[in-house]
Every structure is written in C-alpha cells, then in structure tokens.
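Engineer: Quick one: the structure is below, questions incoming.
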Amino acid sequence: MLSSIIAQLKKVEHGFKHIMEAGDELMKNQQTNHFNLAVALLSGESYQERMLGTYLLGLLAPENREALRLLETKVAADDNWRVQEMLAKAIDHYCQAKGYEKSLPDIRRWLQSSSANVNRAVVEGLRVWTRRPYFKDHPEVAIGLISPLKSKESEYLRKSVGNALRDISKKNAALVQQETDTWELGDPVIAFVYKLIVK
C-alpha cells in the first residue's frame, strides 16, 4: 500500500493537497506506527516522500515531542524548498492544534533559532498572522515577534518577513509604520525588507 501511495505521489511535482490527502489516509490505519513511518519517509530519495513524512510529523507533533524535535532538526536541514514549505504547514498545524496563544513559548523559541529554515517556517506558516486566533486581536505581538528577523543574513527569510509584515499592514498600517520608523534604513539588508513592506 505504501509503495503504491509513494509511486502516485511521485507523479505529481507541484502542490500539497495530494500529499496531505495521502497522509490523512495513512493516519486512518490504526495498525501503523505513524511516527516510525514518518521517520522512514524522511530518509526517502524523493522530496515527495520527505514531504509526506513532514506532514505526518506535523500531525503527530502536538502530542509527540520527538516528532516536534525532528521537525526542528532533520526536516529543517532538508535542502528541498518544497519540504520547507511543508515544514511551514506542519508548524502552523502544531500551533493551531495547541492554540496560538499557548504556542507562544514555542513560537519565540523557533524565531530565535539559529536555523533560517526554522525561522522562516514560523513566519511563513502563520501567514497571514492577523487571521490567526490571538494574533487577530493582538497584531502588535505578531509585529514584535517577526520584526527582529529583518536583519538576518538569509534573504530567503527576510523576504518572508517583509511579506508577512506587508500582510499585517493592510489592516494595521499605523502599527507596522510605528515599528519601521525605528529601523535603520541606511542598512541595505534592512532596507530590502522595508521595500517589501511598502511596495
């Protein structure tokens, strides 16, 4: 059954829906050790297998700290951008399942990680931040969490930061401007993020 699922997944190069549907189907089988399956999939040759493993870990992470640890380490180290997009979805699922406010300690820890992929997974996964419970009522908290990443070395991460803050500014322009008024726009790294916000 698994080999058949993987063969079908490999035929599709784009999107996430087919991966998520396959993961949901696998989770229905109570005879399967889903954690061990996810770990095995992370070592797959195809990015589709690794995306599936990442999705399964995301489903397991709210109740399984080892699944969460693997998302933060092994998955975050994967060099395929599609796997990183699935990591963002897994992070958001975790926060949604636990509750965004209760997830704040994890969110802060991830945003302070030395891994740009972990940082980005949070920034990208929770977009649009102010459509998420808690952050919808506390946009200033979202802005305060995201903004310190504006000077990170990774352009990939900074692009996500700029886009996330632009999203927030659509309904909270004054709050975002209050933040950006404190920025050193003479720094080209920070100016890059600012231009994304105001474009």
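Ordering of the structure tokens sets the chain letters (A, B, ...); residue numbers start at 1 within each chain; ligands are numbered from 1 in the order shown.
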Can you pull out the residues contacting region 176-186 of chain A? Cut-off 12 Å, using only C-alpha atoms, and skip same-chain residues under 3 positions away; I want them as JSON, numbers by chain.
Structural biologist: {"A": [139, 140, 141, 142, 143, 144, 145, 146, 147, 148, 149, 150, 151, 162, 164, 165, 166, 167, 168, 169, 170, 171, 172, 173, 189, 190, 191, 192, 193, 194, 195, 196, 197, 198]}
Engineer: Which polymer residues have any atom within 10 Å of an atom of Leu70 (chain A), counting only C-alpha atoms, with same-chain residues fewer than 3 positions away left out, as a ChimeraX atom specification?
Structural biologist: /A:38-39,42,54,57-58,61,65-67,73-77
Engineer: Go ahead and save the residues from that selection, with N, CA and C atoms, as an mmCIF file, in the first residue's frame.
Structural biologist:
```cif
data_model
loop_
_atom_site.group_PDB
_atom_site.id
_atom_site.type_symbol
_atom_site.label_atom_id
_atom_site.label_comp_id
_atom_site.auth_asym_id
_atom_site.auth_seq_id
_atom_site.Cartn_x
_atom_site.Cartn_y
_atom_site.Cartn_z
ATOM 1 N N ALA A 38 6.812 7.984 9.542
ATOM 2 C CA ALA A 38 7.251 9.342 9.209
ATOM 3 C C ALA A 38 8.772 9.436 9.189
ATOM 4 N N VAL A 39 9.419 8.841 10.180
ATOM 5 C CA VAL A 39 10.889 8.860 10.257
ATOM 6 C C VAL A 39 11.489 8.182 9.034
ATOM 7 N N LEU A 42 11.301 10.345 5.937
ATOM 8 C CA LEU A 42 12.242 11.474 5.912
ATOM 9 C C LEU A 42 13.555 11.115 5.239
ATOM 10 N N THR A 54 7.116 14.724 6.599
ATOM 11 C CA THR A 54 6.996 16.001 7.313
ATOM 12 C C THR A 54 5.547 16.266 7.698
ATOM 13 N N LEU A 57 4.614 14.071 10.610
ATOM 14 C CA LEU A 57 5.195 14.581 11.856
ATOM 15 C C LEU A 57 4.410 15.794 12.369
ATOM 16 N N GLY A 58 3.958 16.632 11.439
ATOM 17 C CA GLY A 58 3.159 17.787 11.832
ATOM 18 C C GLY A 58 1.868 17.380 12.515
ATOM 19 N N ALA A 61 3.015 15.987 16.035
ATOM 20 C CA ALA A 61 3.793 16.864 16.921
ATOM 21 C C ALA A 61 3.045 17.417 18.132
ATOM 22 N N ARG A 65 6.602 14.979 21.404
ATOM 23 C CA ARG A 65 7.727 15.929 21.422
ATOM 24 C C ARG A 65 8.862 15.503 20.497
ATOM 25 N N GLU A 66 9.026 14.197 20.305
ATOM 26 C CA GLU A 66 10.086 13.728 19.408
ATOM 27 C C GLU A 66 9.751 14.077 17.963
ATOM 28 N N ALA A 67 8.479 14.014 17.607
ATOM 29 C CA ALA A 67 8.059 14.428 16.263
ATOM 30 C C ALA A 67 8.365 15.914 16.074
ATOM 31 N N THR A 73 14.787 19.856 13.522
ATOM 32 C CA THR A 73 16.179 19.482 13.226
ATOM 33 C C THR A 73 16.316 18.836 11.846
ATOM 34 N N LYS A 74 15.897 17.596 11.731
ATOM 35 C CA LYS A 74 16.092 16.853 10.476
ATOM 36 C C LYS A 74 15.343 17.484 9.305
ATOM 37 N N VAL A 75 14.072 17.811 9.521
ATOM 38 C CA VAL A 75 13.303 18.416 8.435
ATOM 39 C C VAL A 75 13.850 19.795 8.092
ATOM 40 N N ALA A 76 14.165 20.583 9.109
ATOM 41 C CA ALA A 76 14.690 21.933 8.872
ATOM 42 C C ALA A 76 16.002 21.918 8.103
ATOM 43 N N ALA A 77 16.723 20.800 8.167
ATOM 44 C CA ALA A 77 18.015 20.697 7.466
ATOM 45 C C ALA A 77 17.861 20.222 6.024
#
```
Engineer: Mind giving me the straight-line distance from CA of Gly53 (chain A) to CA of Tyr156 (chain A) in Å, one decimal?
Structural biologist: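 According to the coordinates, CA of Gly53 (chain A) and CA of Tyr156 (chain A) are separated by 23.4 Å.
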Engineer: Closest to Val123 (chain A) among A:Leu175, A:Ala90, A:Leu157, A:Leu104, using only C-alpha atoms?
Structural biologist: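 With only C-alpha atoms as the atom set, the closest residue is A:Leu157.
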Engineer: Please, what distance in Å, to one decimal, runs between CA of Ile107 (chain A) and CA of Asn119 (chain A)?
Structural biologist: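 Calculated distance between CA of Ile107 (chain A) and CA of Asn119 (chain A) is 9.1 Å.
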Engineer: To test your reading of the structure, identify every residue in region 37-68 of chain A that backbone DSSP assigns to alpha helix (DSSP H), and report it as a PDB file with N, CA and C atoms, in the first residue's frame.
Structural biologist:
```pdb
ATOM      1  N   LEU A  37       6.868   5.409  10.653  1.00  0.00           N
ATOM      2  CA  LEU A  37       6.658   5.588   9.219  1.00  0.00           C
ATOM      3  C   LEU A  37       7.155   6.962   8.775  1.00  0.00           C
ATOM      4  N   ALA A  38       6.812   7.984   9.542  1.00  0.00           N
ATOM      5  CA  ALA A  38       7.251   9.342   9.209  1.00  0.00           C
ATOM      6  C   ALA A  38       8.772   9.436   9.189  1.00  0.00           C
ATOM      7  N   VAL A  39       9.419   8.841  10.180  1.00  0.00           N
ATOM      8  CA  VAL A  39      10.889   8.860  10.257  1.00  0.00           C
ATOM      9  C   VAL A  39      11.489   8.182   9.034  1.00  0.00           C
ATOM     10  N   ALA A  40      10.922   7.045   8.651  1.00  0.00           N
ATOM     11  CA  ALA A  40      11.425   6.323   7.471  1.00  0.00           C
ATOM     12  C   ALA A  40      11.253   7.161   6.205  1.00  0.00           C
ATOM     13  N   LEU A  41      10.134   7.841   6.093  1.00  0.00           N
ATOM     14  CA  LEU A  41       9.874   8.664   4.912  1.00  0.00           C
ATOM     15  C   LEU A  41      10.840   9.845   4.806  1.00  0.00           C
ATOM     16  N   LEU A  42      11.301  10.345   5.937  1.00  0.00           N
ATOM     17  CA  LEU A  42      12.242  11.474   5.912  1.00  0.00           C
ATOM     18  C   LEU A  42      13.555  11.115   5.239  1.00  0.00           C
ATOM     19  N   TYR A  47      11.594  14.047  -2.892  1.00  0.00           N
ATOM     20  CA  TYR A  47      11.094  15.096  -1.991  1.00  0.00           C
ATOM     21  C   TYR A  47       9.637  14.829  -1.618  1.00  0.00           C
ATOM     22  N   GLN A  48       8.910  14.122  -2.482  1.00  0.00           N
ATOM     23  CA  GLN A  48       7.511  13.810  -2.150  1.00  0.00           C
ATOM     24  C   GLN A  48       7.420  12.917  -0.912  1.00  0.00           C
ATOM     25  N   GLU A  49       8.326  11.950  -0.806  1.00  0.00           N
ATOM     26  CA  GLU A  49       8.351  11.092   0.381  1.00  0.00           C
ATOM     27  C   GLU A  49       8.669  11.913   1.626  1.00  0.00           C
ATOM     28  N   ARG A  50       9.640  12.801   1.495  1.00  0.00           N
ATOM     29  CA  ARG A  50      10.051  13.608   2.645  1.00  0.00           C
ATOM     30  C   ARG A  50       8.968  14.615   3.030  1.00  0.00           C
ATOM     31  N   MET A  51       8.241  15.117   2.041  1.00  0.00           N
ATOM     32  CA  MET A  51       7.099  15.987   2.335  1.00  0.00           C
ATOM     33  C   MET A  51       6.020  15.222   3.097  1.00  0.00           C
ATOM     34  N   LEU A  52       5.775  13.993   2.683  1.00  0.00           N
ATOM     35  CA  LEU A  52       4.778  13.164   3.354  1.00  0.00           C
ATOM     36  C   LEU A  52       5.201  12.880   4.797  1.00  0.00           C
ATOM     37  N   GLY A  53       6.472  12.553   4.981  1.00  0.00           N
ATOM     38  CA  GLY A  53       6.988  12.332   6.329  1.00  0.00           C
ATOM     39  C   GLY A  53       6.852  13.576   7.193  1.00  0.00           C
ATOM     40  N   THR A  54       7.116  14.724   6.599  1.00  0.00           N
ATOM     41  CA  THR A  54       6.996  16.001   7.313  1.00  0.00           C
ATOM     42  C   THR A  54       5.547  16.266   7.698  1.00  0.00           C
ATOM     43  N   TYR A  55       4.647  15.986   6.770  1.00  0.00           N
ATOM     44  CA  TYR A  55       3.222  16.187   7.057  1.00  0.00           C
ATOM     45  C   TYR A  55       2.772  15.302   8.215  1.00  0.00           C
ATOM     46  N   LEU A  56       3.183  14.051   8.185  1.00  0.00           N
ATOM     47  CA  LEU A  56       2.812  13.128   9.268  1.00  0.00           C
ATOM     48  C   LEU A  56       3.364  13.609  10.611  1.00  0.00           C
ATOM     49  N   LEU A  57       4.614  14.071  10.610  1.00  0.00           N
ATOM     50  CA  LEU A  57       5.195  14.581  11.856  1.00  0.00           C
ATOM     51  C   LEU A  57       4.410  15.794  12.369  1.00  0.00           C
ATOM     52  N   GLY A  58       3.958  16.632  11.439  1.00  0.00           N
ATOM     53  CA  GLY A  58       3.159  17.787  11.832  1.00  0.00           C
ATOM     54  C   GLY A  58       1.868  17.380  12.515  1.00  0.00           C
ATOM     55  N   LEU A  59       1.252  16.304  12.019  1.00  0.00           N
ATOM     56  CA  LEU A  59       0.028  15.805  12.642  1.00  0.00           C
ATOM     57  C   LEU A  59       0.312  15.226  14.023  1.00  0.00           C
ATOM     58  N   LEU A  60       1.477  14.610  14.178  1.00  0.00           N
ATOM     59  CA  LEU A  60       1.829  13.948  15.437  1.00  0.00           C
ATOM     60  C   LEU A  60       2.406  14.901  16.482  1.00  0.00           C
ATOM     61  N   ARG A  65       6.602  14.979  21.404  1.00  0.00           N
ATOM     62  CA  ARG A  65       7.727  15.929  21.422  1.00  0.00           C
ATOM     63  C   ARG A  65       8.862  15.503  20.497  1.00  0.00           C
ATOM     64  N   GLU A  66       9.026  14.197  20.305  1.00  0.00           N
ATOM     65  CA  GLU A  66      10.086  13.728  19.408  1.00  0.00           C
ATOM     66  C   GLU A  66       9.751  14.077  17.963  1.00  0.00           C
ATOM     67  N   ALA A  67       8.479  14.014  17.607  1.00  0.00           N
ATOM     68  CA  ALA A  67       8.059  14.428  16.263  1.00  0.00           C
ATOM     69  C   ALA A  67       8.365  15.914  16.074  1.00  0.00           C
ATOM     70  N   LEU A  68       8.096  16.706  17.092  1.00  0.00           N
ATOM     71  CA  LEU A  68       8.382  18.137  17.028  1.00  0.00           C
ATOM     72  C   LEU A  68       9.881  18.378  16.898  1.00  0.00           C
TER      73      LEU A  68
END
```
Engineer: Could you tell me how far CA of Lys89 (chain A) lies from CA of Gly125 (chain A), in Å and to one decimal?
Structural biologist: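 If I compute the distance from CA of Lys89 (chain A) to CA of Gly125 (chain A), I get 5.3 Å.
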Engineer: Tell me which protein, DNA and RNA residues are within 9 Å of Asp92 (chain A), counting only C-alpha atoms, leaving out same-chain ones fewer than 5 positions away, and put them as a list in words.
Structural biologist: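 Result of the neighbour search: Gly58, Leu87, Ala97, Tyr100, Ala121, Val122, Glu124, Gly125, Leu126 and Arg127 of chain A.
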Engineer: Please, could you write that set of residues out with N, CA, C and O atoms as a compact mmCIF listing (two decimals), in the first residue's frame?
Structural biologist:
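File written: out-v2.txt
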```txt
# COMPACT_ATOMS: atom_id res chain seq x y z
N GLY A 58 3.96 16.63 11.44
CA GLY A 58 3.16 17.79 11.83
C GLY A 58 1.87 17.38 12.52
O GLY A 58 1.44 18.00 13.48
N LEU A 87 7.14 22.03 5.95
CA LEU A 87 7.51 22.32 7.34
C LEU A 87 6.72 23.51 7.87
O LEU A 87 6.23 23.50 9.00
N ALA A 97 -3.36 23.39 16.60
CA ALA A 97 -3.83 22.31 17.48
C ALA A 97 -3.66 22.67 18.95
O ALA A 97 -4.53 22.39 19.78
N TYR A 100 -2.82 29.15 19.40
CA TYR A 100 -1.72 30.07 19.07
C TYR A 100 -1.16 30.78 20.30
O TYR A 100 0.06 30.94 20.42
N ALA A 121 9.93 28.94 8.61
CA ALA A 121 8.77 28.06 8.72
C ALA A 121 7.69 28.69 9.60
O ALA A 121 6.50 28.56 9.32
N VAL A 122 8.11 29.39 10.65
CA VAL A 122 7.15 30.04 11.54
C VAL A 122 6.56 31.27 10.85
O VAL A 122 5.34 31.45 10.80
N GLU A 124 6.38 32.06 7.73
CA GLU A 124 5.58 31.70 6.55
C GLU A 124 4.37 30.86 6.94
O GLU A 124 3.28 31.03 6.39
N GLY A 125 4.54 29.95 7.88
CA GLY A 125 3.46 29.06 8.27
C GLY A 125 2.28 29.78 8.88
O GLY A 125 1.13 29.40 8.65
N LEU A 126 2.55 30.84 9.64
CA LEU A 126 1.48 31.55 10.33
C LEU A 126 0.88 32.70 9.51
O LEU A 126 -0.02 33.39 9.98
N ARG A 127 1.38 32.87 8.28
CA ARG A 127 0.78 33.89 7.41
C ARG A 127 -0.62 33.47 7.00
O ARG A 127 -0.84 32.30 6.69
```
Engineer: List as an mmCIF file with N, CA, C and O atoms, in the first residue's frame the protein and nucleic acid residues near Gly15 (chain A), meaning an atom at most 12 Å away when only C-alpha atoms are counted, but skip any in the same chain fewer than 4 places from it.
Structural biologist:
```
data_model
loop_
_atom_site.group_PDB
_atom_site.id
_atom_site.type_symbol
_atom_site.label_atom_id
_atom_site.label_comp_id
_atom_site.auth_asym_id
_atom_site.auth_seq_id
_atom_site.Cartn_x
_atom_site.Cartn_y
_atom_site.Cartn_z
ATOM 1 N N LEU A 9 2.408 9.620 -5.600
ATOM 2 C CA LEU A 9 2.877 10.952 -5.205
ATOM 3 C C LEU A 9 3.992 11.449 -6.120
ATOM 4 O O LEU A 9 4.056 12.635 -6.440
ATOM 5 N N LYS A 10 4.845 10.555 -6.533
ATOM 6 C CA LYS A 10 5.988 10.937 -7.382
ATOM 7 C C LYS A 10 5.549 11.432 -8.760
ATOM 8 O O LYS A 10 6.315 12.087 -9.456
ATOM 9 N N LYS A 11 4.324 11.111 -9.139
ATOM 10 C CA LYS A 11 3.821 11.539 -10.453
ATOM 11 C C LYS A 11 3.396 13.004 -10.446
ATOM 12 O O LYS A 11 3.197 13.600 -11.491
ATOM 13 N N ILE A 19 -0.346 15.349 -1.165
ATOM 14 C CA ILE A 19 0.486 14.864 -0.056
ATOM 15 C C ILE A 19 -0.352 14.765 1.216
ATOM 16 O O ILE A 19 -0.307 13.767 1.951
ATOM 17 N N MET A 20 -1.109 15.809 1.474
ATOM 18 C CA MET A 20 -1.920 15.854 2.685
ATOM 19 C C MET A 20 -3.025 14.793 2.663
ATOM 20 O O MET A 20 -3.298 14.155 3.679
ATOM 21 N N GLU A 21 -3.613 14.587 1.519
ATOM 22 C CA GLU A 21 -4.640 13.545 1.399
ATOM 23 C C GLU A 21 -4.048 12.165 1.661
ATOM 24 O O GLU A 21 -4.666 11.329 2.340
ATOM 25 N N GLN A 48 8.910 14.122 -2.482
ATOM 26 C CA GLN A 48 7.511 13.810 -2.150
ATOM 27 C C GLN A 48 7.420 12.917 -0.912
ATOM 28 O O GLN A 48 6.558 13.123 -0.056
ATOM 29 N N MET A 51 8.241 15.117 2.041
ATOM 30 C CA MET A 51 7.099 15.987 2.335
ATOM 31 C C MET A 51 6.020 15.222 3.097
ATOM 32 O O MET A 51 5.439 15.746 4.058
ATOM 33 N N ARG A 82 10.450 22.520 -1.325
ATOM 34 C CA ARG A 82 9.089 22.016 -1.147
ATOM 35 C C ARG A 82 8.920 21.386 0.241
ATOM 36 O O ARG A 82 7.872 21.511 0.866
ATOM 37 N N VAL A 83 9.970 20.720 0.700
ATOM 38 C CA VAL A 83 9.940 20.149 2.050
ATOM 39 C C VAL A 83 9.842 21.281 3.076
ATOM 40 O O VAL A 83 9.118 21.178 4.070
ATOM 41 N N GLU A 85 8.409 24.148 2.596
ATOM 42 C CA GLU A 85 7.031 24.656 2.574
ATOM 43 C C GLU A 85 6.120 23.767 3.413
ATOM 44 O O GLU A 85 5.223 24.250 4.111
ATOM 45 N N MET A 86 6.349 22.467 3.355
ATOM 46 C CA MET A 86 5.552 21.544 4.173
ATOM 47 C C MET A 86 5.884 21.710 5.655
ATOM 48 O O MET A 86 5.009 21.575 6.512
#
```
